[in-house]
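Source file: entry03.tsv. Holds: TSV, C-alpha atoms.
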chain	number	residue	atom	x	y	z
A	1	MET	CA	6.85	-4.21	-22.24
A	2	GLN	CA	6.90	-0.54	-23.09
A	3	MET	CA	7.83	1.81	-20.27
A	4	ASN	CA	6.68	5.43	-20.02
A	5	ALA	CA	3.64	4.50	-22.09
A	6	GLU	CA	0.50	6.63	-22.20
A	7	TYR	CA	-1.52	4.32	-20.04
A	8	THR	CA	-5.27	4.88	-20.17
A	9	SER	CA	-6.46	2.93	-17.11
A	10	LEU	CA	-5.37	1.84	-13.64
A	11	VAL	CA	-6.77	-0.67	-11.14
A	12	ALA	CA	-5.41	-0.80	-7.58
A	13	VAL	CA	-5.73	-4.01	-5.54
A	14	GLY	CA	-4.87	-4.49	-1.88
A	15	ASP	CA	-5.54	-3.43	1.70
A	16	SER	CA	-5.44	-0.22	3.77
A	17	PHE	CA	-2.06	0.79	2.36
A	18	THR	CA	-3.60	1.09	-1.12
A	19	GLU	CA	-6.96	2.34	0.13
A	20	GLY	CA	-5.08	5.40	1.36
A	21	MET	CA	-5.18	5.38	5.14
A	22	SER	CA	-4.13	7.77	6.76
A	23	ASP	CA	-4.18	10.40	3.99
A	24	LEU	CA	-7.41	11.97	5.20
A	25	LEU	CA	-9.42	14.37	3.03
A	26	PRO	CA	-11.70	17.13	4.38
A	27	ASP	CA	-14.83	15.05	3.78
A	28	GLY	CA	-13.47	12.21	5.96
A	29	SER	CA	-12.54	9.89	3.10
A	30	TYR	CA	-9.04	8.69	2.30
A	31	ARG	CA	-6.91	9.59	-0.71
A	32	GLY	CA	-3.52	7.85	-0.69
A	33	TRP	CA	-0.75	7.07	-3.15
A	34	ALA	CA	-2.93	5.19	-5.66
A	35	ASP	CA	-5.33	8.13	-6.03
A	36	LEU	CA	-2.40	10.53	-6.37
A	37	LEU	CA	-0.86	8.29	-9.02
A	38	ALA	CA	-4.17	8.12	-10.89
A	39	ALA	CA	-4.41	11.92	-10.89
A	40	ARG	CA	-1.00	12.21	-12.52
A	41	MET	CA	-1.76	9.54	-15.09
A	42	ALA	CA	-5.10	11.15	-15.91
A	43	ALA	CA	-3.38	14.48	-16.57
A	44	ARG	CA	-1.48	12.79	-19.41
A	45	SER	CA	-4.35	10.75	-20.83
A	46	PRO	CA	-7.81	12.25	-21.56
A	47	GLY	CA	-10.57	9.81	-20.64
A	48	PHE	CA	-8.33	8.01	-18.17
A	49	ARG	CA	-10.19	5.39	-16.08
A	50	TYR	CA	-9.44	4.32	-12.52
A	51	ALA	CA	-10.70	1.77	-9.99
A	52	ASN	CA	-9.47	1.18	-6.45
A	53	LEU	CA	-10.67	-2.14	-5.03
A	54	ALA	CA	-8.48	-2.05	-1.90
A	55	VAL	CA	-10.16	-2.34	1.50
A	56	ARG	CA	-8.49	-1.91	4.87
A	57	GLY	CA	-7.68	-5.00	6.95
A	58	LYS	CA	-7.82	-7.48	4.08
A	59	LEU	CA	-5.63	-10.59	4.22
A	60	ILE	CA	-4.18	-12.08	1.06
A	61	GLN	CA	-6.89	-14.78	0.94
A	62	GLN	CA	-9.58	-12.08	0.98
A	63	ILE	CA	-7.76	-10.06	-1.67
A	64	VAL	CA	-7.66	-13.12	-3.92
A	65	ASP	CA	-11.29	-14.03	-3.24
A	66	GLU	CA	-12.81	-10.53	-3.46
A	67	GLN	CA	-10.60	-8.39	-5.68
A	68	VAL	CA	-8.32	-10.31	-8.03
A	69	ASP	CA	-10.89	-11.78	-10.43
A	70	VAL	CA	-12.76	-8.46	-10.51
A	71	ALA	CA	-9.55	-6.59	-11.33
A	72	ALA	CA	-8.49	-9.10	-13.98
A	73	ALA	CA	-11.86	-8.78	-15.72
A	74	MET	CA	-11.40	-5.01	-16.03
A	75	LYS	CA	-8.44	-5.48	-18.44
A	76	ALA	CA	-6.76	-2.28	-17.30
A	77	ASP	CA	-3.47	-1.06	-18.74
A	78	VAL	CA	-1.86	-0.99	-15.27
A	79	VAL	CA	-2.73	-3.06	-12.19
A	80	THR	CA	-1.07	-2.53	-8.81
A	81	LEU	CA	-1.08	-5.37	-6.28
A	82	VAL	CA	0.09	-4.85	-2.71
A	83	GLY	CA	-0.97	-7.56	-0.27
A	84	GLY	CA	0.20	-10.11	2.26
A	85	LEU	CA	1.70	-7.72	4.78
A	86	ASN	CA	-1.34	-7.94	7.06
A	87	ASP	CA	-0.81	-11.69	7.15
A	88	THR	CA	2.80	-11.32	8.27
A	89	LEU	CA	1.69	-9.20	11.25
A	90	ARG	CA	-0.63	-11.89	12.59
A	91	PRO	CA	0.65	-13.94	15.58
A	92	LYS	CA	0.18	-17.11	13.54
A	93	CYS	CA	1.04	-16.88	9.86
A	94	ASP	CA	1.43	-19.70	7.35
A	95	MET	CA	3.97	-18.18	4.99
A	96	VAL	CA	3.73	-21.09	2.58
A	97	ARG	CA	0.03	-20.34	2.13
A	98	VAL	CA	0.71	-16.61	1.82
A	99	ARG	CA	3.23	-17.25	-0.94
A	100	ASP	CA	0.85	-19.64	-2.72
A	101	LEU	CA	-2.00	-17.12	-2.64
A	102	LEU	CA	0.22	-14.28	-3.80
A	103	THR	CA	1.38	-16.50	-6.66
A	104	GLU	CA	-2.25	-17.21	-7.58
A	105	ALA	CA	-3.01	-13.48	-7.60
A	106	VAL	CA	-0.06	-12.65	-9.83
A	107	GLU	CA	-0.80	-15.50	-12.23
A	108	LYS	CA	-4.32	-14.15	-12.73
A	109	LEU	CA	-3.45	-10.46	-12.92
A	110	ALA	CA	-0.29	-10.49	-15.05
A	111	PRO	CA	-1.99	-11.71	-18.27
A	112	SER	CA	-4.87	-9.27	-17.80
A	113	CYS	CA	-2.89	-6.03	-18.07
A	114	GLU	CA	-0.04	-4.35	-19.90
A	115	ARG	CA	1.89	-3.66	-16.71
A	116	LEU	CA	1.55	-5.37	-13.34
A	117	VAL	CA	3.11	-3.38	-10.48
A	118	LEU	CA	4.16	-5.13	-7.28
A	119	MET	CA	5.72	-3.52	-4.24
A	120	ARG	CA	8.17	-4.13	-1.44
A	121	SER	CA	6.31	-1.96	1.08
A	122	PRO	CA	8.09	0.39	3.50
A	123	GLY	CA	8.32	-0.33	7.19
A	124	ARG	CA	8.73	2.19	9.99
A	125	ASP	CA	11.67	1.88	12.35
A	126	GLY	CA	11.05	0.52	15.83
A	127	PRO	CA	11.30	-2.58	18.02
A	128	VAL	CA	7.71	-3.78	17.56
A	129	LEU	CA	8.00	-4.44	13.82
A	130	GLN	CA	11.47	-5.89	14.20
A	131	ARG	CA	10.07	-9.28	15.23
A	132	PHE	CA	8.06	-9.47	11.98
A	133	ARG	CA	10.90	-8.54	9.63
A	134	PRO	CA	11.88	-12.14	8.75
A	135	ARG	CA	8.32	-12.78	7.51
A	136	MET	CA	8.23	-9.48	5.65
A	137	GLU	CA	11.52	-10.25	3.94
A	138	GLU	CA	10.28	-13.73	3.00
A	139	LEU	CA	7.22	-12.08	1.45
A	140	TYR	CA	9.38	-9.64	-0.47
A	141	ALA	CA	11.65	-12.42	-1.75
A	142	CYS	CA	8.54	-14.11	-3.14
A	143	ILE	CA	7.49	-10.84	-4.78
A	144	ASP	CA	10.89	-10.52	-6.45
A	145	GLU	CA	10.68	-14.08	-7.79
A	146	LEU	CA	7.15	-13.57	-9.13
A	147	ALA	CA	8.16	-10.31	-10.80
A	148	VAL	CA	10.94	-12.03	-12.72
A	149	ARG	CA	8.70	-14.91	-13.70
A	150	HIS	CA	5.83	-12.74	-14.91
A	151	ASP	CA	7.68	-9.65	-16.14
A	152	ALA	CA	6.11	-7.50	-13.43
A	153	LEU	CA	7.50	-4.24	-12.08
A	154	VAL	CA	8.65	-4.09	-8.44
A	155	VAL	CA	8.67	-0.73	-6.66
A	156	ASP	CA	11.18	-1.23	-3.86
A	157	LEU	CA	10.35	0.97	-0.88
A	158	TYR	CA	11.64	-1.40	1.79
A	159	GLY	CA	14.65	-0.13	3.68
A	160	VAL	CA	14.62	3.35	2.12
A	161	PRO	CA	15.77	5.48	5.09
A	162	VAL	CA	13.32	8.37	4.73
A	163	LEU	CA	10.33	5.99	4.60
A	164	GLY	CA	11.48	4.47	7.88
A	165	ASP	CA	11.47	7.88	9.57
A	166	GLN	CA	8.78	7.87	12.25
A	167	ARG	CA	7.57	11.27	11.03
A	168	MET	CA	6.44	9.56	7.81
A	169	TRP	CA	3.95	7.44	9.77
A	170	ASP	CA	0.61	8.32	11.30
A	171	VAL	CA	-0.14	8.01	15.00
A	172	ASP	CA	-1.42	4.45	14.42
A	173	ARG	CA	2.17	3.54	13.40
A	174	LEU	CA	0.86	1.37	10.56
A	175	HIS	CA	-0.03	3.81	7.79
A	176	PRO	CA	1.96	6.52	6.01
A	177	THR	CA	1.14	10.17	6.47
A	178	ALA	CA	-0.03	12.31	3.56
A	179	GLU	CA	3.63	13.10	2.83
A	180	GLY	CA	4.46	9.40	2.91
A	181	HIS	CA	1.70	8.64	0.40
A	182	ARG	CA	2.90	11.49	-1.82
A	183	ARG	CA	6.41	10.05	-1.91
A	184	ILE	CA	5.13	6.54	-2.61
A	185	ALA	CA	3.08	7.87	-5.54
A	186	GLU	CA	6.21	9.57	-6.85
A	187	ALA	CA	8.16	6.32	-6.53
A	188	VAL	CA	5.58	4.38	-8.56
A	189	TRP	CA	5.37	7.21	-11.10
A	190	GLN	CA	9.11	7.07	-11.67
A	191	ALA	CA	9.15	3.26	-11.76
A	192	LEU	CA	6.62	3.41	-14.61
A	193	GLY	CA	9.21	5.35	-16.57
A	194	HIS	CA	7.97	8.91	-16.14
A	195	ASP	CA	10.22	11.89	-15.48
A	196	ALA	CA	10.78	12.67	-11.81
A	197	GLU	CA	8.78	15.51	-10.31
A	198	SER	CA	10.69	15.29	-7.03
A	199	ASP	CA	13.23	13.09	-5.25
A	200	TRP	CA	11.08	10.83	-3.08
A	201	ARG	CA	14.18	9.55	-1.26
A	202	THR	CA	15.18	12.99	0.11
A	203	PRO	CA	15.53	12.82	3.92
A	204	LEU	CA	13.34	14.97	6.11
A	205	ALA	CA	14.92	17.99	7.76
A	206	ALA	CA	16.70	17.27	11.01
A	207	ALA	CA	14.55	17.75	14.09
A	208	VAL	CA	15.02	17.65	17.83
A	209	PRO	CA	13.91	14.19	19.05
A	210	PRO	CA	10.89	14.28	21.38
A	211	GLY	CA	11.63	14.05	25.06
A	212	TRP	CA	10.93	11.10	27.33
A	213	VAL	CA	7.61	12.48	28.58
A	214	SER	CA	6.38	13.23	25.05
A	215	ARG	CA	7.28	9.71	23.92
A	216	ARG	CA	5.45	8.12	26.83
A	217	VAL	CA	2.34	10.25	26.19
A	218	ALA	CA	2.43	9.24	22.52
A	219	ASP	CA	2.88	5.56	23.48
A	220	ALA	CA	-0.12	5.72	25.82
A	221	ARG	CA	-2.29	7.41	23.16
A	222	PHE	CA	-1.23	4.84	20.58
A	223	ALA	CA	-2.03	1.93	22.91
A	224	LYS	CA	-5.49	3.26	23.79
A	225	GLN	CA	-6.59	4.40	20.34
A	226	HIS	CA	-4.97	1.80	18.11
A	227	LEU	CA	-3.14	-1.11	19.76
A	228	VAL	CA	-5.91	-2.28	22.11
A	229	PRO	CA	-8.64	-2.15	19.40
A	230	TRP	CA	-6.29	-3.97	17.00
A	231	ILE	CA	-5.68	-6.75	19.54
A	232	GLY	CA	-9.42	-6.95	20.20
A	233	ARG	CA	-10.14	-7.49	16.51
A	234	ARG	CA	-7.49	-10.21	16.31
A	235	LEU	CA	-8.94	-12.05	19.31
A	236	THR	CA	-12.48	-11.95	17.95
A	237	GLY	CA	-11.62	-12.66	14.31
A	238	ARG	CA	-12.88	-9.28	13.13
A	239	SER	CA	-11.30	-6.85	10.67
A	240	SER	CA	-11.40	-3.07	10.35
A	241	GLY	CA	-12.67	-3.60	6.80
A	242	ASP	CA	-15.58	-5.91	7.60
A	243	GLY	CA	-18.62	-4.78	5.63
A	244	LEU	CA	-16.81	-1.92	3.87
A	245	PRO	CA	-17.05	-1.72	0.07
A	246	PRO	CA	-14.18	-0.54	-2.15
A	247	LYS	CA	-14.10	3.22	-2.51
A	248	ARG	CA	-13.85	3.01	-6.33
A	249	PRO	CA	-15.39	-0.31	-7.35
A	250	ASP	CA	-15.85	0.49	-11.04
A	251	LEU	CA	-13.28	1.26	-13.72
A	252	ALA	CA	-14.68	4.69	-14.47
A	253	PRO	CA	-13.40	8.00	-15.87
A	254	TYR	CA	-11.28	9.88	-13.38
A	255	ILE	CA	-12.33	13.47	-12.72
A	256	GLN	CA	-9.26	15.63	-12.24
A	257	ASP	CA	-10.43	17.69	-9.25
A	258	GLU	CA	-12.30	14.96	-7.39
A	259	ASP	CA	-9.51	14.41	-4.85
A	260	ALA	CA	-9.61	18.06	-3.83
A	261	ARG	CA	-12.99	17.44	-2.23

Now that the file is in, can you turn its structure into structure tokens?
Amino acid sequence: MQMNAEYTSLVAVGDSFTEGMSDLLPDGSYRGWADLLAARMAARSPGFRYANLAVRGKLIQQIVDEQVDVAAAMKADVVTLVGGLNDTLRPKCDMVRVRDLLTEAVEKLAPSCERLVLMRSPGRDGPVLQRFRPRMEELYACIDELAVRHDALVVDLYGVPVLGDQRMWDVDRLHPTAEGHRRIAEAVWQALGHDAESDWRTPLAAAVPPGWVSRRVADARFAKQHLVPWIGRRLTGRSSGDGLPPKRPDLAPYIQDEDAR
């Protein structure tokens, strides 16, 4: 497949990571790396079209059921698929089923587009996520195998030191900050064969680590605002994305200044 092509359309498929949490815009909506990538692609291609079907909280089964066929029918030049990580964070996770569903998604999407983009997502440093790393790495091994089999592109963000820096993650400790999303967009941009606009791997400037009291205050705020609600949703079978539609459900022309809103 041709790299650095003048792609004319992009469809993003996935969960909150691709929806753009926590890159908050003034109007309360989310932007994120996929929107930033679309803006760059649109600047090179008049009439560029973009859809973002990703919805927060979605498991890989829901992504397959609700997004994959819709995305495949759009016949976009580029499709990005990032999913399965929410499954690995569940207390009980059938990794065989996750791999099977991811395979189904790739088998449907790869023939529908010129370039399918998969991703080994970043993970913040810390002891909580450490217990889930074996599942995450099993997921990423599956992604690598599928990419080879279907000539898909893999953007490897996993283990990149700067993306593990806690300052790259929002207070919920699950979603990148605006700067994190900007760097991810740059990584995908470069992986598609475009000239670098910045070095997305550059470490952040050194900073004095927060003191013990500041860390405990942050831990308490995180537990109250994010951890307890997250556990509550798991226990009741609910999702943060229940009832939410995709923010860009149609493959429509991208307006250059719309993400400045």

| task | Would you list the contacts of region 26-39 of chain A as a ChimeraX atom specification, taking every protein, DNA or RNA residue within 9 Å and counting all atoms listed in the file, but skipping same-chain residues closer than 5 positions in sequence? | result | /A:9-12,17-21,48-50,52,80,176-178,180-186,188-189,247,254-257,259-261

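Proximity to Gly57 (chain A) was assessed for A:Ala205, A:Ala71, A:Leu102, A:Leu89 counting all atoms listed in the file; the smallest distance is recorded for A:Leu89.
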
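Counting from CA of Gly164 (chain A), the distance to CA of Pro122 (chain A) is 6.9 Å.
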
Can you report as lines of an AutoDock Vina configuration file the centre and edge lengths in Å, to one decimal, of an axis-aligned box around the listed atoms of region 159-172 of chain A padded with 4 Å on each side?
center_x = 7.2
center_y = 5.6
center_z = 8.6
size_x = 25.2
size_y = 19.4
size_z = 20.9

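Here the question is which of A:Leu192, A:Ala54, A:Pro203, A:Tyr140 gets nearest to Gln166 (chain A) using only C-alpha atoms, and that residue is A:Pro203.
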
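The gap separating CA of Gln62 (chain A) from CA of Pro91 (chain A) is 17.9 Å, in Å to one decimal.
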
| said: Could you list, as a ChimeraX atom specification, every residue within 9 Å of Pro245 (chain A), counting only C-alpha atoms and ignoring same-chain residues fewer than 4 positions away? | reply: /A:53-55,241,249

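Between CA of Asp23 (chain A) and CA of Arg56 (chain A) lies a distance of 13.1 Å.
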
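Candidate residues A:Cys93, A:Val70, A:Ala252, A:Ile63 were compared for distance to Gly47 (chain A), and the nearest is A:Ala252, using only C-alpha atoms.
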
| message | For a quick check of understanding, using all atoms listed in the file, which of A:Val79, A:Leu109, A:Val13, A:Ile60 has the smallest distance to Met95 (chain A)? | response | A:Ile60

| field | Nearest to Met168 (chain A), chosen from A:Ala73, A:Asn86, A:Glu6, A:Gly123, with only C-alpha atoms counted in the distances | value | A:Gly123

Show me the residues around (2.7, -7.3, -6.9) - criterion: an atom at most 10 Å away, only C-alpha atoms counted - as a short mmCIF file (atom, residue, chain, number, x, y, z; two decimals) with C-alpha atoms, in the coordinates of the input.
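Final file, selection.cif:
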data_model
loop_
_atom_site.label_atom_id
_atom_site.label_comp_id
_atom_site.auth_asym_id
_atom_site.auth_seq_id
_atom_site.Cartn_x
_atom_site.Cartn_y
_atom_site.Cartn_z
CA VAL A 13 -5.73 -4.01 -5.54
CA GLY A 14 -4.87 -4.49 -1.88
CA VAL A 79 -2.73 -3.06 -12.19
CA THR A 80 -1.07 -2.53 -8.81
CA LEU A 81 -1.08 -5.37 -6.28
CA VAL A 82 0.09 -4.85 -2.71
CA GLY A 83 -0.97 -7.56 -0.27
CA GLY A 84 0.20 -10.11 2.26
CA LEU A 102 0.22 -14.28 -3.80
CA THR A 103 1.38 -16.50 -6.66
CA ALA A 105 -3.01 -13.48 -7.60
CA VAL A 106 -0.06 -12.65 -9.83
CA LEU A 109 -3.45 -10.46 -12.92
CA ALA A 110 -0.29 -10.49 -15.05
CA LEU A 116 1.55 -5.37 -13.34
CA VAL A 117 3.11 -3.38 -10.48
CA LEU A 118 4.16 -5.13 -7.28
CA MET A 119 5.72 -3.52 -4.24
CA ARG A 120 8.17 -4.13 -1.44
CA TYR A 140 9.38 -9.64 -0.47
CA CYS A 142 8.54 -14.11 -3.14
CA ILE A 143 7.49 -10.84 -4.78
CA ASP A 144 10.89 -10.52 -6.45
CA LEU A 146 7.15 -13.57 -9.13
CA ALA A 147 8.16 -10.31 -10.80
CA ALA A 152 6.11 -7.50 -13.43
CA LEU A 153 7.50 -4.24 -12.08
CA VAL A 154 8.65 -4.09 -8.44
CA VAL A 155 8.67 -0.73 -6.66
#

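Using only C-alpha atoms, the smallest distance between any of A:Asp65, A:Glu145, A:Glu138, A:Glu114 and Val96 (chain A) comes from A:Glu138.
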
Repair of region 95-106 of chain A at the level of all heavy atoms, as a PDB file, in the coordinates of the input:
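In the end it all went to out.pdb:
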ATOM      1  N   MET A  95       3.326 -18.873   6.098  1.00  0.00           N
ATOM      2  CA  MET A  95       3.970 -18.180   4.990  1.00  0.00           C
ATOM      3  C   MET A  95       3.918 -18.982   3.697  1.00  0.00           C
ATOM      4  O   MET A  95       3.933 -18.396   2.614  1.00  0.00           O
ATOM      5  CB  MET A  95       5.407 -17.837   5.358  1.00  0.00           C
ATOM      6  CG  MET A  95       5.540 -16.680   6.343  1.00  0.00           C
ATOM      7  SD  MET A  95       4.724 -15.145   5.777  1.00  0.00           S
ATOM      8  CE  MET A  95       5.630 -14.788   4.263  1.00  0.00           C
ATOM      9  N   VAL A  96       3.864 -20.291   3.790  1.00  0.00           N
ATOM     10  CA  VAL A  96       3.730 -21.090   2.580  1.00  0.00           C
ATOM     11  C   VAL A  96       2.405 -20.766   1.889  1.00  0.00           C
ATOM     12  O   VAL A  96       2.346 -20.572   0.671  1.00  0.00           O
ATOM     13  CB  VAL A  96       3.826 -22.593   2.887  1.00  0.00           C
ATOM     14  CG1 VAL A  96       3.501 -23.428   1.646  1.00  0.00           C
ATOM     15  CG2 VAL A  96       5.215 -22.948   3.406  1.00  0.00           C
ATOM     16  N   ARG A  97       1.349 -20.677   2.689  1.00  0.00           N
ATOM     17  CA  ARG A  97       0.030 -20.340   2.130  1.00  0.00           C
ATOM     18  C   ARG A  97       0.011 -18.910   1.603  1.00  0.00           C
ATOM     19  O   ARG A  97      -0.586 -18.650   0.536  1.00  0.00           O
ATOM     20  CB  ARG A  97      -1.047 -20.527   3.199  1.00  0.00           C
ATOM     21  CG  ARG A  97      -2.454 -20.209   2.700  1.00  0.00           C
ATOM     22  CD  ARG A  97      -3.511 -20.774   3.623  1.00  0.00           C
ATOM     23  NE  ARG A  97      -4.843 -20.418   3.177  1.00  0.00           N
ATOM     24  CZ  ARG A  97      -5.475 -20.976   2.138  1.00  0.00           C
ATOM     25  NH1 ARG A  97      -4.857 -21.912   1.437  1.00  0.00           N
ATOM     26  NH2 ARG A  97      -6.686 -20.606   1.808  1.00  0.00           N
ATOM     27  N   VAL A  98       0.641 -17.998   2.294  1.00  0.00           N
ATOM     28  CA  VAL A  98       0.710 -16.610   1.820  1.00  0.00           C
ATOM     29  C   VAL A  98       1.402 -16.555   0.459  1.00  0.00           C
ATOM     30  O   VAL A  98       0.923 -15.894  -0.469  1.00  0.00           O
ATOM     31  CB  VAL A  98       1.436 -15.712   2.841  1.00  0.00           C
ATOM     32  CG1 VAL A  98       1.713 -14.328   2.246  1.00  0.00           C
ATOM     33  CG2 VAL A  98       0.612 -15.572   4.119  1.00  0.00           C
ATOM     34  N   ARG A  99       2.511 -17.249   0.336  1.00  0.00           N
ATOM     35  CA  ARG A  99       3.230 -17.250  -0.940  1.00  0.00           C
ATOM     36  C   ARG A  99       2.396 -17.884  -2.050  1.00  0.00           C
ATOM     37  O   ARG A  99       2.367 -17.394  -3.183  1.00  0.00           O
ATOM     38  CB  ARG A  99       4.557 -18.012  -0.794  1.00  0.00           C
ATOM     39  CG  ARG A  99       5.581 -17.324   0.097  1.00  0.00           C
ATOM     40  CD  ARG A  99       6.974 -17.901  -0.134  1.00  0.00           C
ATOM     41  NE  ARG A  99       7.002 -19.344   0.028  1.00  0.00           N
ATOM     42  CZ  ARG A  99       7.249 -19.965   1.170  1.00  0.00           C
ATOM     43  NH1 ARG A  99       7.487 -19.263   2.266  1.00  0.00           N
ATOM     44  NH2 ARG A  99       7.271 -21.279   1.232  1.00  0.00           N
ATOM     45  N   ASP A 100       1.682 -18.969  -1.716  1.00  0.00           N
ATOM     46  CA  ASP A 100       0.850 -19.640  -2.720  1.00  0.00           C
ATOM     47  C   ASP A 100      -0.278 -18.720  -3.196  1.00  0.00           C
ATOM     48  O   ASP A 100      -0.582 -18.664  -4.395  1.00  0.00           O
ATOM     49  CB  ASP A 100       0.262 -20.924  -2.145  1.00  0.00           C
ATOM     50  CG  ASP A 100       1.305 -22.030  -1.982  1.00  0.00           C
ATOM     51  OD1 ASP A 100       2.410 -21.887  -2.541  1.00  0.00           O
ATOM     52  OD2 ASP A 100       1.020 -23.018  -1.279  1.00  0.00           O
ATOM     53  N   LEU A 101      -0.893 -18.006  -2.267  1.00  0.00           N
ATOM     54  CA  LEU A 101      -2.000 -17.120  -2.640  1.00  0.00           C
ATOM     55  C   LEU A 101      -1.496 -15.913  -3.424  1.00  0.00           C
ATOM     56  O   LEU A 101      -2.148 -15.471  -4.383  1.00  0.00           O
ATOM     57  CB  LEU A 101      -2.732 -16.656  -1.374  1.00  0.00           C
ATOM     58  CG  LEU A 101      -3.589 -17.726  -0.699  1.00  0.00           C
ATOM     59  CD1 LEU A 101      -3.973 -17.301   0.716  1.00  0.00           C
ATOM     60  CD2 LEU A 101      -4.851 -18.002  -1.528  1.00  0.00           C
ATOM     61  N   LEU A 102      -0.354 -15.380  -3.041  1.00  0.00           N
ATOM     62  CA  LEU A 102       0.220 -14.280  -3.800  1.00  0.00           C
ATOM     63  C   LEU A 102       0.563 -14.727  -5.211  1.00  0.00           C
ATOM     64  O   LEU A 102       0.335 -13.991  -6.189  1.00  0.00           O
ATOM     65  CB  LEU A 102       1.458 -13.757  -3.082  1.00  0.00           C
ATOM     66  CG  LEU A 102       2.082 -12.483  -3.643  1.00  0.00           C
ATOM     67  CD1 LEU A 102       1.100 -11.318  -3.582  1.00  0.00           C
ATOM     68  CD2 LEU A 102       3.362 -12.135  -2.894  1.00  0.00           C
ATOM     69  N   THR A 103       1.080 -15.941  -5.336  1.00  0.00           N
ATOM     70  CA  THR A 103       1.380 -16.500  -6.660  1.00  0.00           C
ATOM     71  C   THR A 103       0.116 -16.620  -7.492  1.00  0.00           C
ATOM     72  O   THR A 103       0.096 -16.275  -8.681  1.00  0.00           O
ATOM     73  CB  THR A 103       2.051 -17.872  -6.509  1.00  0.00           C
ATOM     74  OG1 THR A 103       3.280 -17.725  -5.784  1.00  0.00           O
ATOM     75  CG2 THR A 103       2.331 -18.496  -7.874  1.00  0.00           C
ATOM     76  N   GLU A 104      -0.968 -17.101  -6.873  1.00  0.00           N
ATOM     77  CA  GLU A 104      -2.250 -17.210  -7.580  1.00  0.00           C
ATOM     78  C   GLU A 104      -2.714 -15.847  -8.074  1.00  0.00           C
ATOM     79  O   GLU A 104      -3.180 -15.711  -9.221  1.00  0.00           O
ATOM     80  CB  GLU A 104      -3.295 -17.825  -6.657  1.00  0.00           C
ATOM     81  CG  GLU A 104      -4.668 -17.964  -7.295  1.00  0.00           C
ATOM     82  CD  GLU A 104      -5.719 -18.530  -6.347  1.00  0.00           C
ATOM     83  OE1 GLU A 104      -5.349 -19.049  -5.265  1.00  0.00           O
ATOM     84  OE2 GLU A 104      -6.926 -18.436  -6.678  1.00  0.00           O
ATOM     85  N   ALA A 105      -2.583 -14.827  -7.219  1.00  0.00           N
ATOM     86  CA  ALA A 105      -3.010 -13.480  -7.600  1.00  0.00           C
ATOM     87  C   ALA A 105      -2.213 -12.970  -8.791  1.00  0.00           C
ATOM     88  O   ALA A 105      -2.778 -12.432  -9.757  1.00  0.00           O
ATOM     89  CB  ALA A 105      -2.866 -12.532  -6.412  1.00  0.00           C
ATOM     90  N   VAL A 106      -0.908 -13.137  -8.742  1.00  0.00           N
ATOM     91  CA  VAL A 106      -0.060 -12.650  -9.830  1.00  0.00           C
ATOM     92  C   VAL A 106      -0.335 -13.408 -11.123  1.00  0.00           C
ATOM     93  O   VAL A 106      -0.395 -12.807 -12.210  1.00  0.00           O
ATOM     94  CB  VAL A 106       1.426 -12.759  -9.433  1.00  0.00           C
ATOM     95  CG1 VAL A 106       2.338 -12.489 -10.636  1.00  0.00           C
ATOM     96  CG2 VAL A 106       1.747 -11.786  -8.303  1.00  0.00           C
TER      97      VAL A 106
END
